[in-house]
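Trainee: Input structure: data24.pdb, which contains PDB, C-alpha atoms and all ligand atoms.
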```
ATOM      1  CA  MET A  22      21.246 -21.541 -17.623
ATOM      2  CA  VAL A  23      21.947 -19.279 -14.674
ATOM      3  CA  VAL A  24      25.596 -18.420 -14.007
ATOM      4  CA  GLN A  25      26.686 -17.608 -10.438
ATOM      5  CA  VAL A  26      29.275 -14.856 -10.036
ATOM      6  CA  GLU A  27      30.947 -13.619  -6.856
ATOM      7  CA  SER A  28      31.812  -9.966  -6.333
ATOM      8  CA  ARG A  29      33.287  -8.497  -3.189
ATOM      9  CA  ILE A  30      33.466  -4.730  -2.928
ATOM     10  CA  ARG A  31      33.631  -3.002   0.434
ATOM     11  CA  TYR A  32      32.900   0.669   0.814
ATOM     12  CA  SER A  33      32.971   2.980   3.868
ATOM     13  CA  SER A  34      34.312   1.384   6.996
ATOM     14  CA  SER A  35      34.728   4.036   9.668
ATOM     15  CA  SER A  36      35.996   3.162  13.158
ATOM     16  CA  SER A  37      32.506   3.700  14.626
ATOM     17  CA  SER A  38      30.951   1.391  12.057
ATOM     18  CA  ARG A  39      33.644  -1.238  12.797
ATOM     19  CA  ARG A  40      32.689  -1.070  16.479
ATOM     20  CA  MET A  41      29.050  -1.804  15.560
ATOM     21  CA  GLU A  42      29.957  -4.922  13.529
ATOM     22  CA  ALA A  43      29.949  -7.367  16.438
ATOM     23  CA  HIS A  44      26.325  -6.545  17.288
ATOM     24  CA  GLN A  45      24.953  -6.385  13.758
ATOM     25  CA  PRO A  46      23.997  -9.663  12.099
ATOM     26  CA  LYS A  47      24.674  -9.930   8.371
ATOM     27  CA  VAL A  48      21.747  -9.044   6.097
ATOM     28  CA  GLU A  49      21.185 -11.082   2.930
ATOM     29  CA  ALA A  50      18.858  -9.926   0.146
ATOM     30  CA  ASN A  51      17.870 -11.755  -3.041
ATOM     31  CA  ILE A  52      17.022  -9.222  -5.746
ATOM     32  CA  LEU A  53      15.485 -10.147  -9.096
ATOM     33  CA  LEU A  54      15.866  -7.782 -12.068
ATOM     34  CA  LEU A  55      13.024  -8.068 -14.547
ATOM     35  CA  GLY A  56      12.014  -6.289 -17.742
ATOM     36  CA  ALA A  57      12.023  -6.640 -21.518
ATOM     37  CA  GLU A  58      15.138  -7.161 -23.647
ATOM     38  CA  ASN A  59      17.612  -4.342 -24.098
ATOM     39  CA  VAL A  60      16.253  -2.063 -21.356
ATOM     40  CA  GLY A  61      19.509  -2.038 -19.395
ATOM     41  CA  LYS A  62      19.100  -4.742 -16.716
ATOM     42  CA  SER A  63      22.711  -5.858 -17.106
ATOM     43  CA  ALA A  64      23.904  -2.236 -17.334
ATOM     44  CA  LEU A  65      22.213  -1.494 -13.994
ATOM     45  CA  THR A  66      23.651  -4.599 -12.375
ATOM     46  CA  VAL A  67      27.190  -3.975 -13.622
ATOM     47  CA  ARG A  68      26.985  -0.286 -12.627
ATOM     48  CA  PHE A  69      26.001  -1.295  -9.104
ATOM     49  CA  LEU A  70      28.705  -3.973  -8.832
ATOM     50  CA  THR A  71      31.609  -2.084 -10.403
ATOM     51  CA  ARG A  72      30.476   1.585 -10.639
ATOM     52  CA  ARG A  73      31.213   1.370 -14.362
ATOM     53  CA  PHE A  74      29.179   1.497 -17.581
ATOM     54  CA  ILE A  75      30.845  -0.697 -20.168
ATOM     55  CA  GLY A  76      28.349  -0.380 -23.051
ATOM     56  CA  GLU A  77      27.840  -3.975 -24.196
ATOM     57  CA  TYR A  78      26.889  -6.834 -21.914
ATOM     58  CA  GLY A  79      25.764  -9.893 -23.892
ATOM     59  CA  SER A  80      22.688 -11.879 -22.913
ATOM     60  CA  ILE A  81      23.707 -14.320 -20.199
ATOM     61  CA  GLU A  82      21.359 -14.910 -17.297
ATOM     62  CA  SER A  83      23.449 -14.604 -14.120
ATOM     63  CA  ILE A  84      23.195 -14.440 -10.356
ATOM     64  CA  TYR A  85      25.841 -12.157  -8.837
ATOM     65  CA  THR A  86      26.775 -12.288  -5.182
ATOM     66  CA  HIS A  87      27.975  -8.909  -3.966
ATOM     67  CA  HIS A  88      29.248  -8.132  -0.459
ATOM     68  CA  ASP A  89      28.890  -4.574   0.742
ATOM     69  CA  LYS A  90      28.998  -2.664   3.989
ATOM     70  CA  ILE A  91      26.261  -0.122   4.675
ATOM     71  CA  ASP A  92      26.181   1.873   7.948
ATOM     72  CA  GLY A  93      28.625  -0.591   9.471
ATOM     73  CA  ARG A  94      26.500  -3.610   8.640
ATOM     74  CA  ASP A  95      27.571  -6.449   6.332
ATOM     75  CA  ILE A  96      25.157  -6.851   3.464
ATOM     76  CA  CYS A  97      25.105  -9.676   0.951
ATOM     77  CA  PHE A  98      23.216  -8.852  -2.237
ATOM     78  CA  ASN A  99      22.338 -11.771  -4.501
ATOM     79  CA  ILE A 100      21.324 -10.191  -7.797
ATOM     80  CA  TRP A 101      19.580 -12.262 -10.467
ATOM     81  CA  ASP A 102      19.917 -10.516 -13.839
ATOM     82  CA  SER A 103      17.139 -12.328 -15.709
ATOM     83  CA  ILE A 104      16.363 -12.737 -19.403
ATOM     84  CA  CYS A 105      12.891 -11.879 -20.649
ATOM     85  CA  PRO A 106      11.065 -14.774 -22.367
ATOM     86  CA  GLN A 107      10.887 -14.297 -26.168
ATOM     87  CA  ASN A 108       7.460 -15.880 -26.490
ATOM     88  CA  ILE A 109       4.804 -13.113 -26.628
ATOM     89  CA  GLU A 110       2.367 -15.081 -24.396
ATOM     90  CA  GLU A 111       5.031 -15.426 -21.720
ATOM     91  CA  LEU A 112       6.180 -11.786 -21.787
ATOM     92  CA  GLY A 113       4.793 -10.876 -18.358
ATOM     93  CA  HIS A 114       5.490 -14.295 -16.889
ATOM     94  CA  ILE A 115       7.708 -14.847 -13.860
ATOM     95  CA  SER A 116       8.487 -18.428 -12.839
ATOM     96  CA  ASP A 117       7.492 -19.826  -9.428
ATOM     97  CA  ARG A 118      11.193 -20.413  -8.766
ATOM     98  CA  GLN A 119      11.946 -16.722  -9.320
ATOM     99  CA  LEU A 120       8.994 -15.636  -7.173
ATOM    100  CA  GLN A 121      10.012 -17.886  -4.288
ATOM    101  CA  TRP A 122      13.703 -16.929  -4.516
ATOM    102  CA  SER A 123      13.171 -13.156  -4.490
ATOM    103  CA  ASP A 124      13.104 -10.880  -1.446
ATOM    104  CA  GLY A 125      12.577  -7.873  -3.728
ATOM    105  CA  PHE A 126      12.110  -6.995  -7.404
ATOM    106  CA  ILE A 127      13.493  -4.294  -9.703
ATOM    107  CA  LEU A 128      11.362  -3.954 -12.840
ATOM    108  CA  VAL A 129      13.155  -2.062 -15.594
ATOM    109  CA  TYR A 130      11.806  -0.454 -18.761
ATOM    110  CA  SER A 131      13.443   1.961 -21.171
ATOM    111  CA  ILE A 132      11.862   5.432 -21.356
ATOM    112  CA  CYS A 133      12.351   5.276 -25.150
ATOM    113  CA  ASP A 134      10.634   1.915 -25.591
ATOM    114  CA  ARG A 135       6.876   1.869 -24.934
ATOM    115  CA  PRO A 136       6.464  -1.907 -25.384
ATOM    116  CA  SER A 137       9.045  -2.390 -22.593
ATOM    117  CA  PHE A 138       6.810  -0.288 -20.311
ATOM    118  CA  GLU A 139       3.883  -2.596 -21.124
ATOM    119  CA  VAL A 140       6.029  -5.627 -20.251
ATOM    120  CA  VAL A 141       6.713  -4.096 -16.821
ATOM    121  CA  ARG A 142       2.981  -3.410 -16.366
ATOM    122  CA  ARG A 143       2.239  -7.111 -17.030
ATOM    123  CA  GLN A 144       5.059  -8.270 -14.786
ATOM    124  CA  VAL A 145       3.836  -6.060 -11.929
ATOM    125  CA  GLN A 146       0.307  -7.485 -12.290
ATOM    126  CA  HIS A 147       1.667 -11.034 -12.377
ATOM    127  CA  ILE A 148       3.769 -10.523  -9.240
ATOM    128  CA  ARG A 149       0.989  -8.816  -7.265
ATOM    129  CA  GLN A 150      -1.500 -11.596  -8.161
ATOM    130  CA  ALA A 151       1.006 -14.308  -7.232
ATOM    131  CA  GLN A 152       1.825 -12.515  -3.978
ATOM    132  CA  GLN A 153      -1.847 -12.464  -2.980
ATOM    133  CA  LYS A 154      -1.996 -16.248  -3.365
ATOM    134  CA  LEU A 155       1.303 -16.790  -1.519
ATOM    135  CA  SER A 156       0.616 -14.117   1.161
ATOM    136  CA  SER A 157       3.972 -12.638   0.236
ATOM    137  CA  SER A 158       4.883  -8.972   0.468
ATOM    138  CA  ALA A 159       8.293  -8.768  -1.231
ATOM    139  CA  PRO A 160       8.695  -5.126  -2.334
ATOM    140  CA  LEU A 161       8.897  -3.891  -5.933
ATOM    141  CA  ILE A 162      10.654  -0.926  -7.484
ATOM    142  CA  ILE A 163       9.873   0.276 -11.011
ATOM    143  CA  VAL A 164      12.787   1.839 -12.884
ATOM    144  CA  GLY A 165      12.586   3.899 -16.072
ATOM    145  CA  ASN A 166      16.111   3.630 -17.502
ATOM    146  CA  LYS A 167      17.942   5.548 -20.293
ATOM    147  CA  ARG A 168      16.909   8.937 -18.965
ATOM    148  CA  ASP A 169      19.823  10.441 -20.906
ATOM    149  CA  LEU A 170      17.900   9.750 -24.150
ATOM    150  CA  GLN A 171      15.275  12.516 -23.593
ATOM    151  CA  HIS A 172      14.962  13.230 -27.321
ATOM    152  CA  ARG A 173      13.737   9.644 -27.860
ATOM    153  CA  ARG A 174      11.384   9.554 -24.860
ATOM    154  CA  ALA A 175       8.256   7.457 -25.485
ATOM    155  CA  VAL A 176       7.033   7.052 -21.877
ATOM    156  CA  SER A 177       6.461  10.121 -19.698
ATOM    157  CA  SER A 178       7.685  10.258 -16.099
ATOM    158  CA  GLU A 179       4.059  10.727 -15.054
ATOM    159  CA  GLU A 180       3.053   7.384 -16.574
ATOM    160  CA  GLY A 181       5.859   5.639 -14.704
ATOM    161  CA  ARG A 182       4.857   7.309 -11.445
ATOM    162  CA  LEU A 183       1.184   6.425 -11.930
ATOM    163  CA  LEU A 184       1.955   2.777 -12.603
ATOM    164  CA  ALA A 185       4.074   2.649  -9.457
ATOM    165  CA  LEU A 186       1.348   4.361  -7.438
ATOM    166  CA  SER A 187      -1.336   1.958  -8.659
ATOM    167  CA  ALA A 188       0.855  -1.050  -7.783
ATOM    168  CA  ASP A 189       1.993   0.364  -4.434
ATOM    169  CA  CYS A 190       5.676   0.430  -5.301
ATOM    170  CA  ASP A 191       8.514   2.944  -5.563
ATOM    171  CA  PHE A 192       9.581   4.594  -8.822
ATOM    172  CA  PHE A 193      12.903   5.917 -10.123
ATOM    173  CA  GLU A 194      13.962   7.368 -13.455
ATOM    174  CA  ILE A 195      17.681   6.931 -14.008
ATOM    175  CA  SER A 196      20.426   6.587 -16.573
ATOM    176  CA  ALA A 197      22.742   3.654 -15.986
ATOM    177  CA  ALA A 198      24.914   5.117 -18.739
ATOM    178  CA  GLU A 199      25.294   8.547 -17.170
ATOM    179  CA  ALA A 200      25.532   8.073 -13.426
ATOM    180  CA  TYR A 201      26.253   5.608 -10.647
ATOM    181  CA  HIS A 202      24.355   7.459  -7.919
ATOM    182  CA  GLY A 203      20.821   6.794  -9.246
ATOM    183  CA  VAL A 204      21.563   3.081  -9.575
ATOM    184  CA  LEU A 205      22.963   2.968  -6.043
ATOM    185  CA  MET A 206      19.804   4.662  -4.722
ATOM    186  CA  VAL A 207      17.587   2.037  -6.366
ATOM    187  CA  PHE A 208      19.436  -0.897  -4.740
ATOM    188  CA  HIS A 209      19.707   0.797  -1.350
ATOM    189  CA  GLU A 210      16.032   1.780  -1.338
ATOM    190  CA  LEU A 211      15.033  -1.776  -2.199
ATOM    191  CA  LEU A 212      17.216  -3.104   0.624
ATOM    192  CA  GLU A 213      15.435  -0.726   3.034
ATOM    193  CA  LEU A 214      12.032  -1.907   1.802
ATOM    194  CA  ILE A 215      13.087  -5.546   2.166
ATOM    195  CA  ARG A 216      14.193  -4.930   5.745
ATOM    196  CA  GLU A 217      10.926  -3.114   6.541
ATOM    197  CA  ALA A 218       8.892  -5.981   5.034
ATOM    198  CA  ARG A 219      10.861  -8.501   7.120
ATOM    199  CA  ALA A 220      10.368  -6.470  10.300
ATOM    200  CA  LEU A 221       6.612  -6.255   9.643
ATOM    201  CA  LYS A 222       6.417  -9.986   9.013
ATOM    202  CA  LYS A 223       8.351 -10.704  12.193
ATOM    203  CA  GLY A 224       6.080  -8.326  14.131
ATOM    204  CA  ALA A 225       2.962  -9.987  12.729
ATOM    205  CA  ALA A 226       4.329 -13.452  13.561
ATOM    206  CA  GLY A 227       5.167 -12.264  17.079
ATOM    207  CA  PHE A 228       1.663 -10.854  17.496
ATOM    208  CA  ARG A 229       0.092 -14.083  16.191
ATOM    209  CA  GLY A 230       2.251 -15.997  18.700
ATOM    210  CA  ILE A 231       0.986 -13.839  21.584
ATOM    211  CA  VAL A 232      -2.643 -14.298  20.460
ATOM    212  CA  ARG A 233      -2.086 -18.081  20.195
ATOM    213  CA  SER A 234      -0.574 -18.322  23.704
ATOM    214  CA  MET A 235      -3.339 -16.163  25.187
ATOM    215  CA  SER A 236      -6.111 -18.168  23.592
ATOM    216  CA  ALA A 237      -4.395 -21.373  24.747
ATOM    217  CA  VAL A 238      -4.353 -20.098  28.350
ATOM    218  CA  PHE A 239      -7.878 -18.658  28.347
ATOM    219  CA  GLY A 240      -9.258 -21.519  26.260
ATOM    220  CA  ARG A 241      -7.910 -24.021  28.807
ATOM    221  CA  LYS A 242      -9.338 -22.025  31.735
ATOM    222  CA  ARG A 243     -12.785 -22.110  30.233
ATOM    223  CA  THR A 244     -12.771 -25.921  30.018
ATOM    224  CA  GLU A 245     -11.500 -26.461  33.597
TER     225      GLU A 245
HETATM  226  N1  LIG B   1      21.846   5.543 -23.664
HETATM  227  C1  LIG B   1      21.758   4.566 -22.766
HETATM  228  N2  LIG B   1      21.988   3.296 -23.125
HETATM  229  C2  LIG B   1      21.884   2.334 -22.188
HETATM  230  C3  LIG B   1      21.565   2.626 -20.831
HETATM  231  N3  LIG B   1      21.528   1.456 -20.158
HETATM  232  C4  LIG B   1      21.824   0.494 -21.038
HETATM  233  N4  LIG B   1      22.043   1.012 -22.256
HETATM  234  C5  LIG B   1      22.377   0.290 -23.486
HETATM  235  O1  LIG B   1      21.262  -0.512 -23.853
HETATM  236  C6  LIG B   1      21.695  -1.748 -24.414
HETATM  237  C7  LIG B   1      21.113  -2.910 -23.650
HETATM  238  O2  LIG B   1      21.638  -2.928 -22.333
HETATM  239  P1  LIG B   1      21.663  -4.262 -21.472
HETATM  240  O3  LIG B   1      22.122  -3.903 -20.121
HETATM  241  O4  LIG B   1      22.382  -5.348 -22.189
HETATM  242  O5  LIG B   1      20.089  -4.593 -21.466
HETATM  243  P2  LIG B   1      19.378  -5.915 -20.867
HETATM  244  O6  LIG B   1      18.044  -5.478 -20.392
HETATM  245  O7  LIG B   1      20.239  -6.605 -19.883
HETATM  246  O8  LIG B   1      19.216  -6.775 -22.173
HETATM  247  P3  LIG B   1      19.015  -8.395 -22.295
HETATM  248  O9  LIG B   1      20.271  -9.033 -21.770
HETATM  249  O10 LIG B   1      18.809  -8.597 -23.758
HETATM  250  O11 LIG B   1      17.809  -8.755 -21.487
HETATM  251  C8  LIG B   1      23.226  -1.714 -24.388
HETATM  252  O12 LIG B   1      23.692  -1.299 -25.640
HETATM  253  C9  LIG B   1      23.548  -0.666 -23.344
HETATM  254  O13 LIG B   1      24.777  -0.016 -23.592
HETATM  255  C10 LIG B   1      21.323   4.003 -20.477
HETATM  256  O14 LIG B   1      21.030   4.373 -19.332
HETATM  257  N5  LIG B   1      21.427   4.917 -21.483
END
```
Go ahead and render the structure in this file as structure tokens.
Mentor:
Amino acid sequence: MVVQVESRIRYSSSSSSRRMEAHQPKVEANILLLGAENVGKSALTVRFLTRRFIGEYGSIESIYTHHDKIDGRDICFNIWDSICPQNIEELGHISDRQLQWSDGFILVYSICDRPSFEVVRRQVQHIRQAQQKLSSSAPLIIVGNKRDLQHRRAVSSEEGRLLALSADCDFFEISAAEAYHGVLMVFHELLELIREARALKKGAAGFRGIVRSMSAVFGRKRTE
């Protein structure tokens, strides 16, 4: 079951940004949080929505709708805090529904839990393979969480960075428990990547349109 929750928090609204509002269409982004159990997916989500770390979150799969204002533009984040399948064969699996819904992905592991890093590796592979088939380019960010627990570290920062590099995605190491800023950076960076991917897609569609019209014109001329 997926529960839908509405959150409305508005930050910074300077007079110059208010003036820009009329010309700036609202941006909506569907973000899917993936990763093994207990890595801090809900902690990250709640930190982003409320700026708070509350410690215990329960295991309910939810989609949160969160309205924000960034650089004078209205943003609507839909955040799907998913639950990892328990079945070992399905560990890296992401459903078609999730793949089609998502504009961007945040894949979370805990730096003190090596198996959770392997789950993210499998999920990244699954998404990239599915994206090749669907010709989709929704961006991914890999997050190593629980950075405050250095003494229990089981995955080095280098390994996280290398995985991200090999999968062509961004990488952050953060602590949802310790700070809000790192979490904010992850969501804002993903929003930027989503907007870039959309602009590229629009550009490519525009270019294809021009090529189609030109070949229609020249194709017709040749047959006259
Ligand atoms: N020390 C530390 N603990 C954290 C951090 N983030 C989350 N936790 C703790 O890790 C546990 C699991 O966090 P959740 O956010 O429920 O993890 P989840 O990935 O949503 O777990 P599931 O709902 O089972 O999928 C909780 O006890 C959190 O308090 C962190 O950055 N540092």
Trainee: Measuring between all atoms listed in the file, which one of A:Arg94, A:Arg174, A:His114, A:Lys222 shows the shortest distance to ligand LIG 1 (chain B)?
Mentor: A:Arg174
Trainee: Hey, which residues sit close to ligand LIG 1 (chain B)? Say within 6 Å, counting only C-alpha atoms and all ligand atoms, and write them as number ranges by chain.
Mentor: A: 58-64, 76-80, 104-105, 166-167, 169-170, 196-198
Trainee: So the first atom is atom CA of A:Tyr201 and the second is atom CA of A:Phe74; what is the distance between them in Å, to one decimal place?
Mentor: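 Separation of atom CA of A:Tyr201 and atom CA of A:Phe74: 8.6 Å.
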Trainee: Which polymer residues have any atom within 9 Å of an atom of stretch 96-98 of chain A, counting all atoms listed in the file, with same-chain residues fewer than 4 positions away left out, as a PyMOL selection string?
Mentor: chain A and resi 47-52+85-91+212
Trainee: Give me the result of the PyMOL selection byres (((chain A and resi 206) around 12) and not hetatm) on this file, residue by residue, as an mmCIF file with C-alpha atoms, keeping the file's coordinate frame.
Mentor:
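Final output, saved to expr.cif:
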```cif
data_model
loop_
_atom_site.group_PDB
_atom_site.id
_atom_site.type_symbol
_atom_site.label_atom_id
_atom_site.label_comp_id
_atom_site.auth_asym_id
_atom_site.auth_seq_id
_atom_site.Cartn_x
_atom_site.Cartn_y
_atom_site.Cartn_z
ATOM 1 C CA LEU A 65 22.213 -1.494 -13.994
ATOM 2 C CA ARG A 68 26.985 -0.286 -12.627
ATOM 3 C CA PHE A 69 26.001 -1.295 -9.104
ATOM 4 C CA ILE A 162 10.654 -0.926 -7.484
ATOM 5 C CA VAL A 164 12.787 1.839 -12.884
ATOM 6 C CA ASP A 191 8.514 2.944 -5.563
ATOM 7 C CA PHE A 192 9.581 4.594 -8.822
ATOM 8 C CA PHE A 193 12.903 5.917 -10.123
ATOM 9 C CA GLU A 194 13.962 7.368 -13.455
ATOM 10 C CA ILE A 195 17.681 6.931 -14.008
ATOM 11 C CA ALA A 197 22.742 3.654 -15.986
ATOM 12 C CA ALA A 200 25.532 8.073 -13.426
ATOM 13 C CA TYR A 201 26.253 5.608 -10.647
ATOM 14 C CA HIS A 202 24.355 7.459 -7.919
ATOM 15 C CA GLY A 203 20.821 6.794 -9.246
ATOM 16 C CA VAL A 204 21.563 3.081 -9.575
ATOM 17 C CA LEU A 205 22.963 2.968 -6.043
ATOM 18 C CA VAL A 207 17.587 2.037 -6.366
ATOM 19 C CA PHE A 208 19.436 -0.897 -4.740
ATOM 20 C CA HIS A 209 19.707 0.797 -1.350
ATOM 21 C CA GLU A 210 16.032 1.780 -1.338
ATOM 22 C CA LEU A 211 15.033 -1.776 -2.199
ATOM 23 C CA LEU A 212 17.216 -3.104 0.624
ATOM 24 C CA GLU A 213 15.435 -0.726 3.034
#
```
Trainee: Do a neighbour search on A:Ile127 at 7 Å with only C-alpha atoms, toss out local chain neighbours closer than 3 positions, and write the hits as a ChimeraX atom specification.
Mentor: /A:53-55,161-164
Trainee: When you count all atoms listed in the file, which of these residues is closest to A:Arg135: A:Leu70, A:Ile100, A:Ala57, A:Ala185?
Mentor: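 So, comparing all the options, the nearest one is A:Ala57.
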Trainee: So, with all atoms listed in the file as the atoms that count, which of A:His172, A:Arg182, A:Lys154, A:His147 lies closest to A:Ser116?
Mentor: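 Answer, going by the shortest atom-to-atom distance: A:His147.
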